[in-house]
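A.B. asks: Before I ask anything, let me first share the structure, which is written out below as structure tokens.
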Amino acid sequence: MTVPGNRFVPTDAPVTTDAPVAINTLVTSGASSANDASITHDTPAAPARSAPPPGGPDASTDVIRPHAEAAFAGELAALAAADDRPRPERWRLSPWAVATYLLGGVLPDGTVITPKYVGPRRVVEVAVTTLATDRALLLLGVPGTAKTWVSEHLAAAVSGDSTLLVQGTAGTAEEAVRYGWDYARLLAHGPSRDALVPSPVMRAMAQGMTARVEELTRIPADVQDSLITVLSEKTLPIPELGEEVKAVRGFNLIATANDRDRGVNELSSALRRRFNTVVLPLPATHEDEVDIVVRRVDQLGRSLDLPAAPSGTDEIRRVVTVFRELRDGVTADGRTRLKSPSGTLSTAEAISVVTGGLALAAHFGDGVLRAGDVAAGILGAVVRDPASDRTVWHEYLETVVRERDGWQDFYRACREVSV
């Protein structure tokens, strides 16, 4: 039977075929939609996923964090219905609609698309356009600049599935990027199609979908370079079988990398040429960063039954101010130079501090976020190196926070946990 090109295939599903064509080969005749590319199997195909209910976050399950395509299924469906622009092969939405999904907007029927990314529009447009070409996309930036978040939402909007993921670590093996083997079958019958275990990248190639590689620079260099043939030739050889996987139109790859990891496993020049690099910057303004923190904390709070974030907007502004000033090495008014701690103090860390503060307020307070609820979280985020960062923090408290109008409660709370 055939497996449609847009159907999810479990990672442990063997790729088999009795057809004379090579495994997962590209079907070129008359291919015009996701269902035109098929992989012939002699085993039953995996059942299609049940569609999540339309609307916002999926409340029908107990998962803490649904995948993007489930959490925002209503918005994706509304965009698809209103989208009359040309779509690249096997894309669920046009490039314009994908950008609208990430940046937010209002559709002609009044449907509000919530922003998933707050930042320069051109950055998103370049990222989306890259995926419509034959070049892979590398999202680069300091920790906490929403690289993984953007990667997930891009894959959800383009392919309707953000789960074709390789998580990069120092122990990531080549099998995670190319393919592996069912060793029981391999030992019993030798190399065969039944024994082959496709990687997420191989499955994305065969189905014309978007694969994701997280923390590419954490992966050993020799494993990184196994992507070169995939990205340049759009093929993945299987020498044990004398066959190859050819990428179906619609396939592309999004990788993320932390620019603080330079020198760990830097990309070879050959591999870097296969990517179009898009740098995700830190939020440009204080208001942008506050907006991001409020939105994400609100989403997380709903899943954890925490108080609404707006109840503590003043404290959120304080947290963001502290992080931005220490990160930039200067106060907001530009009058005082500051020492910066060793940590990144990213927006993601600010979200974590505020979420933790809301949990304290909910379970050990009156539900309203106050200075005492965020003080310990800020201390933990700032003081990563006890030897140097503690001095930086104390100098900031005494020279900036102590003298700032309206911040006396914040100063006292921070001093209490800093002793």
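Naming scheme: A, B, ... for chains in displayed order of the structure tokens; residues 1 onward per chain; ligands 1 onward as shown.
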Per DSSP on the backbone, what are the helix (DSSP H, G or I) residues of region 199-286 of chain A, as an mmCIF file with all heavy atoms, in the first residue's frame?
C.D. replies:
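Output contents, as saved in selection19.cif:
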```cif
data_model
loop_
_atom_site.group_PDB
_atom_site.id
_atom_site.type_symbol
_atom_site.label_atom_id
_atom_site.label_comp_id
_atom_site.auth_asym_id
_atom_site.auth_seq_id
_atom_site.Cartn_x
_atom_site.Cartn_y
_atom_site.Cartn_z
ATOM 1 N N PRO A 200 14.933 10.925 11.168
ATOM 2 C CA PRO A 200 13.984 11.990 10.822
ATOM 3 C C PRO A 200 14.350 12.702 9.526
ATOM 4 O O PRO A 200 13.458 13.095 8.770
ATOM 5 C CB PRO A 200 14.086 12.938 12.029
ATOM 6 C CG PRO A 200 14.487 12.054 13.168
ATOM 7 C CD PRO A 200 15.424 11.049 12.566
ATOM 8 N N VAL A 201 15.639 12.854 9.261
ATOM 9 C CA VAL A 201 16.059 13.509 8.021
ATOM 10 C C VAL A 201 15.677 12.653 6.821
ATOM 11 O O VAL A 201 15.158 13.157 5.816
ATOM 12 C CB VAL A 201 17.576 13.776 8.036
ATOM 13 C CG1 VAL A 201 18.041 14.336 6.686
ATOM 14 C CG2 VAL A 201 17.939 14.745 9.154
ATOM 15 N N MET A 202 15.910 11.350 6.892
ATOM 16 C CA MET A 202 15.541 10.460 5.788
ATOM 17 C C MET A 202 14.040 10.481 5.553
ATOM 18 O O MET A 202 13.575 10.518 4.400
ATOM 19 C CB MET A 202 16.010 9.035 6.077
ATOM 20 C CG MET A 202 15.594 8.032 5.010
ATOM 21 S SD MET A 202 16.076 6.324 5.388
ATOM 22 C CE MET A 202 17.798 6.370 4.925
ATOM 23 N N ARG A 203 13.260 10.456 6.628
ATOM 24 C CA ARG A 203 11.814 10.484 6.470
ATOM 25 C C ARG A 203 11.341 11.790 5.860
ATOM 26 O O ARG A 203 10.424 11.815 5.020
ATOM 27 C CB ARG A 203 11.145 10.243 7.823
ATOM 28 C CG ARG A 203 11.285 8.797 8.286
ATOM 29 C CD ARG A 203 11.176 8.634 9.783
ATOM 30 N NE ARG A 203 10.033 9.347 10.328
ATOM 31 C CZ ARG A 203 9.996 9.829 11.569
ATOM 32 N NH1 ARG A 203 11.054 9.706 12.364
ATOM 33 N NH2 ARG A 203 8.929 10.437 12.000
ATOM 34 N N ALA A 204 11.955 12.894 6.252
ATOM 35 C CA ALA A 204 11.592 14.189 5.666
ATOM 36 C C ALA A 204 11.922 14.224 4.181
ATOM 37 O O ALA A 204 11.147 14.761 3.373
ATOM 38 C CB ALA A 204 12.315 15.313 6.399
ATOM 39 N N MET A 205 13.056 13.657 3.801
ATOM 40 C CA MET A 205 13.422 13.608 2.380
ATOM 41 C C MET A 205 12.394 12.817 1.583
ATOM 42 O O MET A 205 11.972 13.236 0.503
ATOM 43 C CB MET A 205 14.803 12.980 2.229
ATOM 44 C CG MET A 205 15.942 13.784 2.809
ATOM 45 S SD MET A 205 17.529 12.907 2.716
ATOM 46 C CE MET A 205 17.808 12.928 0.936
ATOM 47 N N ALA A 206 11.999 11.652 2.105
ATOM 48 C CA ALA A 206 11.082 10.779 1.386
ATOM 49 C C ALA A 206 9.686 11.365 1.280
ATOM 50 O O ALA A 206 8.960 11.086 0.330
ATOM 51 C CB ALA A 206 11.021 9.413 2.076
ATOM 52 N N GLN A 207 9.295 12.203 2.272
ATOM 53 C CA GLN A 207 7.931 12.727 2.311
ATOM 54 C C GLN A 207 7.831 14.180 1.847
ATOM 55 O O GLN A 207 6.732 14.740 1.826
ATOM 56 C CB GLN A 207 7.387 12.610 3.740
ATOM 57 C CG GLN A 207 7.337 11.182 4.257
ATOM 58 C CD GLN A 207 6.963 11.106 5.722
ATOM 59 O OE1 GLN A 207 5.971 11.691 6.144
ATOM 60 N NE2 GLN A 207 7.756 10.401 6.508
ATOM 61 N N LEU A 216 23.161 22.341 16.186
ATOM 62 C CA LEU A 216 24.017 21.687 15.195
ATOM 63 C C LEU A 216 25.483 21.691 15.611
ATOM 64 O O LEU A 216 26.215 20.728 15.376
ATOM 65 C CB LEU A 216 23.843 22.373 13.833
ATOM 66 C CG LEU A 216 24.663 21.829 12.660
ATOM 67 C CD1 LEU A 216 24.342 20.360 12.404
ATOM 68 C CD2 LEU A 216 24.410 22.663 11.408
ATOM 69 N N THR A 217 25.939 22.778 16.223
ATOM 70 C CA THR A 217 27.348 22.876 16.583
ATOM 71 C C THR A 217 27.707 22.034 17.805
ATOM 72 O O THR A 217 28.888 21.956 18.168
ATOM 73 C CB THR A 217 27.747 24.337 16.837
ATOM 74 O OG1 THR A 217 26.826 24.934 17.761
ATOM 75 C CG2 THR A 217 27.733 25.134 15.552
ATOM 76 N N ARG A 218 26.730 21.437 18.465
ATOM 77 C CA ARG A 218 27.029 20.507 19.552
ATOM 78 C C ARG A 218 27.321 19.106 19.023
ATOM 79 O O ARG A 218 27.849 18.259 19.742
ATOM 80 C CB ARG A 218 25.854 20.424 20.537
ATOM 81 C CG ARG A 218 25.378 21.738 21.095
ATOM 82 C CD ARG A 218 26.414 22.443 21.931
ATOM 83 N NE ARG A 218 26.800 21.682 23.116
ATOM 84 C CZ ARG A 218 27.702 22.097 24.000
ATOM 85 N NH1 ARG A 218 28.318 23.244 23.810
ATOM 86 N NH2 ARG A 218 27.992 21.358 25.048
ATOM 87 N N ALA A 221 31.938 16.851 14.618
ATOM 88 C CA ALA A 221 32.171 17.357 13.264
ATOM 89 C C ALA A 221 31.948 16.298 12.196
ATOM 90 O O ALA A 221 31.394 16.587 11.122
ATOM 91 C CB ALA A 221 33.581 17.934 13.165
ATOM 92 N N ASP A 222 32.380 15.055 12.454
ATOM 93 C CA ASP A 222 32.218 14.022 11.424
ATOM 94 C C ASP A 222 30.755 13.676 11.208
ATOM 95 O O ASP A 222 30.351 13.315 10.094
ATOM 96 C CB ASP A 222 33.016 12.773 11.796
ATOM 97 C CG ASP A 222 32.636 12.208 13.156
ATOM 98 O OD1 ASP A 222 32.169 12.988 14.012
ATOM 99 O OD2 ASP A 222 32.791 10.984 13.364
ATOM 100 N N VAL A 223 29.929 13.807 12.254
ATOM 101 C CA VAL A 223 28.492 13.564 12.102
ATOM 102 C C VAL A 223 27.839 14.745 11.375
ATOM 103 O O VAL A 223 26.958 14.550 10.529
ATOM 104 C CB VAL A 223 27.835 13.326 13.468
ATOM 105 C CG1 VAL A 223 26.334 13.091 13.320
ATOM 106 C CG2 VAL A 223 28.485 12.141 14.170
ATOM 107 N N GLN A 224 28.260 15.962 11.701
ATOM 108 C CA GLN A 224 27.760 17.138 10.982
ATOM 109 C C GLN A 224 27.938 16.965 9.473
ATOM 110 O O GLN A 224 27.018 17.220 8.690
ATOM 111 C CB GLN A 224 28.515 18.390 11.414
ATOM 112 C CG GLN A 224 28.263 18.892 12.798
ATOM 113 C CD GLN A 224 29.126 20.103 13.089
ATOM 114 O OE1 GLN A 224 29.773 20.667 12.199
ATOM 115 N NE2 GLN A 224 29.149 20.527 14.345
ATOM 116 N N LEU A 227 25.704 15.519 6.635
ATOM 117 C CA LEU A 227 24.619 16.286 6.007
ATOM 118 C C LEU A 227 25.014 16.894 4.665
ATOM 119 O O LEU A 227 24.147 17.367 3.925
ATOM 120 C CB LEU A 227 24.179 17.417 6.939
ATOM 121 C CG LEU A 227 23.339 17.036 8.156
ATOM 122 C CD1 LEU A 227 23.203 18.234 9.098
ATOM 123 C CD2 LEU A 227 21.969 16.538 7.732
ATOM 124 N N ILE A 228 26.302 16.910 4.345
ATOM 125 C CA ILE A 228 26.753 17.620 3.147
ATOM 126 C C ILE A 228 26.104 17.052 1.894
ATOM 127 O O ILE A 228 25.552 17.787 1.068
ATOM 128 C CB ILE A 228 28.290 17.580 3.040
ATOM 129 C CG1 ILE A 228 28.911 18.430 4.154
ATOM 130 C CG2 ILE A 228 28.746 18.082 1.671
ATOM 131 C CD1 ILE A 228 30.424 18.401 4.184
ATOM 132 N N THR A 229 26.145 15.724 1.735
ATOM 133 C CA THR A 229 25.545 15.117 0.547
ATOM 134 C C THR A 229 24.030 15.321 0.527
ATOM 135 O O THR A 229 23.435 15.574 -0.522
ATOM 136 C CB THR A 229 25.867 13.616 0.490
ATOM 137 O OG1 THR A 229 27.280 13.435 0.467
ATOM 138 C CG2 THR A 229 25.265 12.962 -0.752
ATOM 139 N N VAL A 230 23.410 15.232 1.697
ATOM 140 C CA VAL A 230 21.958 15.441 1.781
ATOM 141 C C VAL A 230 21.596 16.836 1.291
ATOM 142 O O VAL A 230 20.629 17.007 0.533
ATOM 143 C CB VAL A 230 21.479 15.237 3.236
ATOM 144 C CG1 VAL A 230 20.026 15.689 3.394
ATOM 145 C CG2 VAL A 230 21.624 13.785 3.647
ATOM 146 N N LEU A 231 22.359 17.848 1.715
ATOM 147 C CA LEU A 231 22.010 19.223 1.384
ATOM 148 C C LEU A 231 22.473 19.635 -0.004
ATOM 149 O O LEU A 231 21.844 20.491 -0.631
ATOM 150 C CB LEU A 231 22.608 20.171 2.433
ATOM 151 C CG LEU A 231 22.113 19.955 3.873
ATOM 152 C CD1 LEU A 231 22.735 20.979 4.807
ATOM 153 C CD2 LEU A 231 20.595 20.030 3.947
ATOM 154 N N SER A 232 23.557 19.069 -0.490
ATOM 155 C CA SER A 232 24.065 19.478 -1.802
ATOM 156 C C SER A 232 23.484 18.640 -2.936
ATOM 157 O O SER A 232 23.034 19.174 -3.955
ATOM 158 C CB SER A 232 25.591 19.412 -1.829
ATOM 159 O OG SER A 232 26.034 18.088 -1.574
ATOM 160 N N GLU A 233 23.471 17.324 -2.768
ATOM 161 C CA GLU A 233 22.986 16.440 -3.822
ATOM 162 C C GLU A 233 21.517 16.055 -3.647
ATOM 163 O O GLU A 233 20.939 15.429 -4.530
ATOM 164 C CB GLU A 233 23.839 15.164 -3.851
ATOM 165 C CG GLU A 233 25.329 15.405 -4.012
ATOM 166 C CD GLU A 233 25.666 16.095 -5.317
ATOM 167 O OE1 GLU A 233 24.932 15.861 -6.307
ATOM 168 O OE2 GLU A 233 26.648 16.864 -5.342
ATOM 169 N N ASP A 259 25.614 30.824 18.982
ATOM 170 C CA ASP A 259 26.892 31.446 18.635
ATOM 171 C C ASP A 259 27.843 31.536 19.829
ATOM 172 O O ASP A 259 29.008 31.898 19.669
ATOM 173 C CB ASP A 259 26.694 32.817 17.979
ATOM 174 C CG ASP A 259 26.069 33.842 18.898
ATOM 175 O OD1 ASP A 259 25.851 33.536 20.092
ATOM 176 O OD2 ASP A 259 25.782 34.958 18.421
ATOM 177 N N ARG A 260 27.363 31.178 21.030
ATOM 178 C CA ARG A 260 28.273 31.058 22.172
ATOM 179 C C ARG A 260 29.067 29.756 22.121
ATOM 180 O O ARG A 260 29.997 29.566 22.884
ATOM 181 C CB ARG A 260 27.485 31.118 23.480
ATOM 182 C CG ARG A 260 26.859 32.478 23.780
ATOM 183 C CD ARG A 260 27.929 33.493 24.158
ATOM 184 N NE ARG A 260 27.362 34.779 24.482
ATOM 185 C CZ ARG A 260 27.083 35.182 25.722
ATOM 186 N NH1 ARG A 260 27.311 34.380 26.748
ATOM 187 N NH2 ARG A 260 26.574 36.379 25.934
ATOM 188 N N ASP A 261 28.663 28.838 21.232
ATOM 189 C CA ASP A 261 29.331 27.543 21.139
ATOM 190 C C ASP A 261 30.437 27.524 20.091
ATOM 191 O O ASP A 261 30.925 26.465 19.720
ATOM 192 C CB ASP A 261 28.313 26.445 20.784
ATOM 193 C CG ASP A 261 27.447 26.080 21.970
ATOM 194 O OD1 ASP A 261 27.843 26.402 23.101
ATOM 195 O OD2 ASP A 261 26.377 25.499 21.766
ATOM 196 N N SER A 269 33.679 24.585 6.431
ATOM 197 C CA SER A 269 33.311 25.557 5.383
ATOM 198 C C SER A 269 32.424 24.899 4.340
ATOM 199 O O SER A 269 31.523 25.537 3.784
ATOM 200 C CB SER A 269 34.570 26.131 4.741
ATOM 201 O OG SER A 269 35.372 25.094 4.182
ATOM 202 N N ALA A 270 32.639 23.609 4.069
ATOM 203 C CA ALA A 270 31.810 22.910 3.078
ATOM 204 C C ALA A 270 30.364 22.813 3.543
ATOM 205 O O ALA A 270 29.437 22.999 2.746
ATOM 206 C CB ALA A 270 32.377 21.520 2.828
ATOM 207 N N LEU A 271 30.167 22.535 4.837
ATOM 208 C CA LEU A 271 28.799 22.430 5.344
ATOM 209 C C LEU A 271 28.157 23.799 5.482
ATOM 210 O O LEU A 271 26.983 23.986 5.148
ATOM 211 C CB LEU A 271 28.796 21.713 6.694
ATOM 212 C CG LEU A 271 27.428 21.499 7.354
ATOM 213 C CD1 LEU A 271 26.492 20.728 6.432
ATOM 214 C CD2 LEU A 271 27.572 20.783 8.685
ATOM 215 N N ARG A 272 28.903 24.778 5.962
ATOM 216 C CA ARG A 272 28.332 26.112 6.147
ATOM 217 C C ARG A 272 27.835 26.693 4.821
ATOM 218 O O ARG A 272 26.839 27.422 4.788
ATOM 219 C CB ARG A 272 29.357 27.054 6.773
ATOM 220 C CG ARG A 272 28.791 28.418 7.129
ATOM 221 C CD ARG A 272 29.786 29.262 7.882
ATOM 222 N NE ARG A 272 29.902 28.839 9.266
ATOM 223 C CZ ARG A 272 29.081 29.251 10.227
ATOM 224 N NH1 ARG A 272 28.087 30.064 9.952
ATOM 225 N NH2 ARG A 272 29.249 28.848 11.470
ATOM 226 N N HIS A 286 13.011 47.645 24.988
ATOM 227 C CA HIS A 286 12.494 47.179 26.283
ATOM 228 C C HIS A 286 11.050 46.715 26.146
ATOM 229 O O HIS A 286 10.663 45.674 26.693
ATOM 230 C CB HIS A 286 12.609 48.314 27.303
ATOM 231 C CG HIS A 286 12.167 47.947 28.686
ATOM 232 N ND1 HIS A 286 10.840 48.025 29.082
ATOM 233 C CD2 HIS A 286 12.860 47.510 29.765
ATOM 234 C CE1 HIS A 286 10.745 47.648 30.344
ATOM 235 N NE2 HIS A 286 11.952 47.335 30.795
#
```
A.B. asks: Here is a test: counting only C-alpha atoms, which residue of A:Asp405, A:Glu214, A:Glu244, A:Glu395 is nearest to Pro198 (chain A)?
C.D. replies: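 Checking each of A:Asp405, A:Glu214, A:Glu244, A:Glu395 against Pro198 (chain A), counting only C-alpha atoms, the winner is A:Glu244.
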A.B. asks: Can you tell me which residues surround Pro307 (chain A) at a distance of at most 7 Å, considering only C-alpha atoms, apart from same-chain residues fewer than 6 positions away, and format the answer as a PyMOL selection string?
C.D. replies: chain A and resi 301+358+362+367
A.B. asks: Measuring between only C-alpha atoms, which one of A:Asp314, A:Glu398, A:Glu289, A:Glu69 shows the shortest distance to Gly160 (chain A)?
C.D. replies: A:Glu69
A.B. asks: May I ask for the distance between CA of Ala376 (chain A) and CA of Cys414 (chain A), given in Å to one decimal place?
C.D. replies: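 Taking CA of Ala376 (chain A) as the start and CA of Cys414 (chain A) as the end point, the length is 7.2 Å.
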A.B. asks: Do a neighbour search on Pro283 (chain A) at 12 Å with only C-alpha atoms, toss out local chain neighbours closer than 4 positions, and write the hits as a VMD selection string.
C.D. replies: chain A and resid 117 to 120 141 to 142 144 to 146 287 to 293 320 323 to 324 327 346 to 348
A.B. asks: For Leu345 (chain A), find every residue with an atom within 12 Å (counting only C-alpha atoms), except residues of its own chain fewer than 3 positions away, and show them as a PyMOL selection string.
C.D. replies: chain A and resi 142-145+282+319-329+340-342+348-353+377-384
A.B. asks: What separation in Å, quoted to one decimal, exists between CA of Leu93 (chain A) and CA of Arg273 (chain A)?
C.D. replies: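 These atoms are spaced 27.4 Å apart.
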A.B. asks: Give the strand (DSSP E or B) residues of region 89-320 of chain A, as DSSP finds them on the backbone, and put them as a VMD selection string.
C.D. replies: chain A and resid 105 to 106 112 to 113 136 to 141 165 to 167 179 to 181 196 to 198 210 to 214 235 to 238 243 to 246 252 to 258 275 to 279
A.B. asks: Calculate how many Å separate CA of Phe275 (chain A) from CA of Arg135 (chain A), rounding to one decimal.
C.D. replies: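 For CA of Phe275 (chain A) relative to CA of Arg135 (chain A), the distance reads 5.7 Å.
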A.B. asks: Would you mind listing what lies within 9 Å of Ala132 (chain A) as an mmCIF file with N, CA and C atoms, in the first residue's frame, with only C-alpha atoms counted and same-chain residues fewer than 6 positions away left out?
C.D. replies:
```cif
data_model
loop_
_atom_site.group_PDB
_atom_site.id
_atom_site.type_symbol
_atom_site.label_atom_id
_atom_site.label_comp_id
_atom_site.auth_asym_id
_atom_site.auth_seq_id
_atom_site.Cartn_x
_atom_site.Cartn_y
_atom_site.Cartn_z
ATOM 1 N N PRO A 88 4.696 26.780 -2.574
ATOM 2 C CA PRO A 88 5.703 25.828 -3.070
ATOM 3 C C PRO A 88 5.202 24.395 -2.922
ATOM 4 N N GLU A 89 5.806 23.508 -3.660
ATOM 5 C CA GLU A 89 5.385 22.110 -3.656
ATOM 6 C C GLU A 89 5.331 21.543 -2.238
ATOM 7 N N PRO A 95 4.324 31.222 1.374
ATOM 8 C CA PRO A 95 5.311 31.954 2.178
ATOM 9 C C PRO A 95 4.711 33.150 2.907
ATOM 10 N N GLY A 250 9.851 19.771 -1.789
ATOM 11 C CA GLY A 250 9.243 20.197 -0.533
ATOM 12 C C GLY A 250 10.161 19.945 0.649
ATOM 13 N N ASN A 252 13.252 20.262 3.027
ATOM 14 C CA ASN A 252 14.305 21.189 3.410
ATOM 15 C C ASN A 252 14.652 20.938 4.879
#
```
A.B. asks: Of the candidates A:Thr130, A:Thr210, A:Thr344, A:Thr355, which shows the shortest atom-to-atom distance to His153 (chain A), using only C-alpha atoms?
C.D. replies: A:Thr210
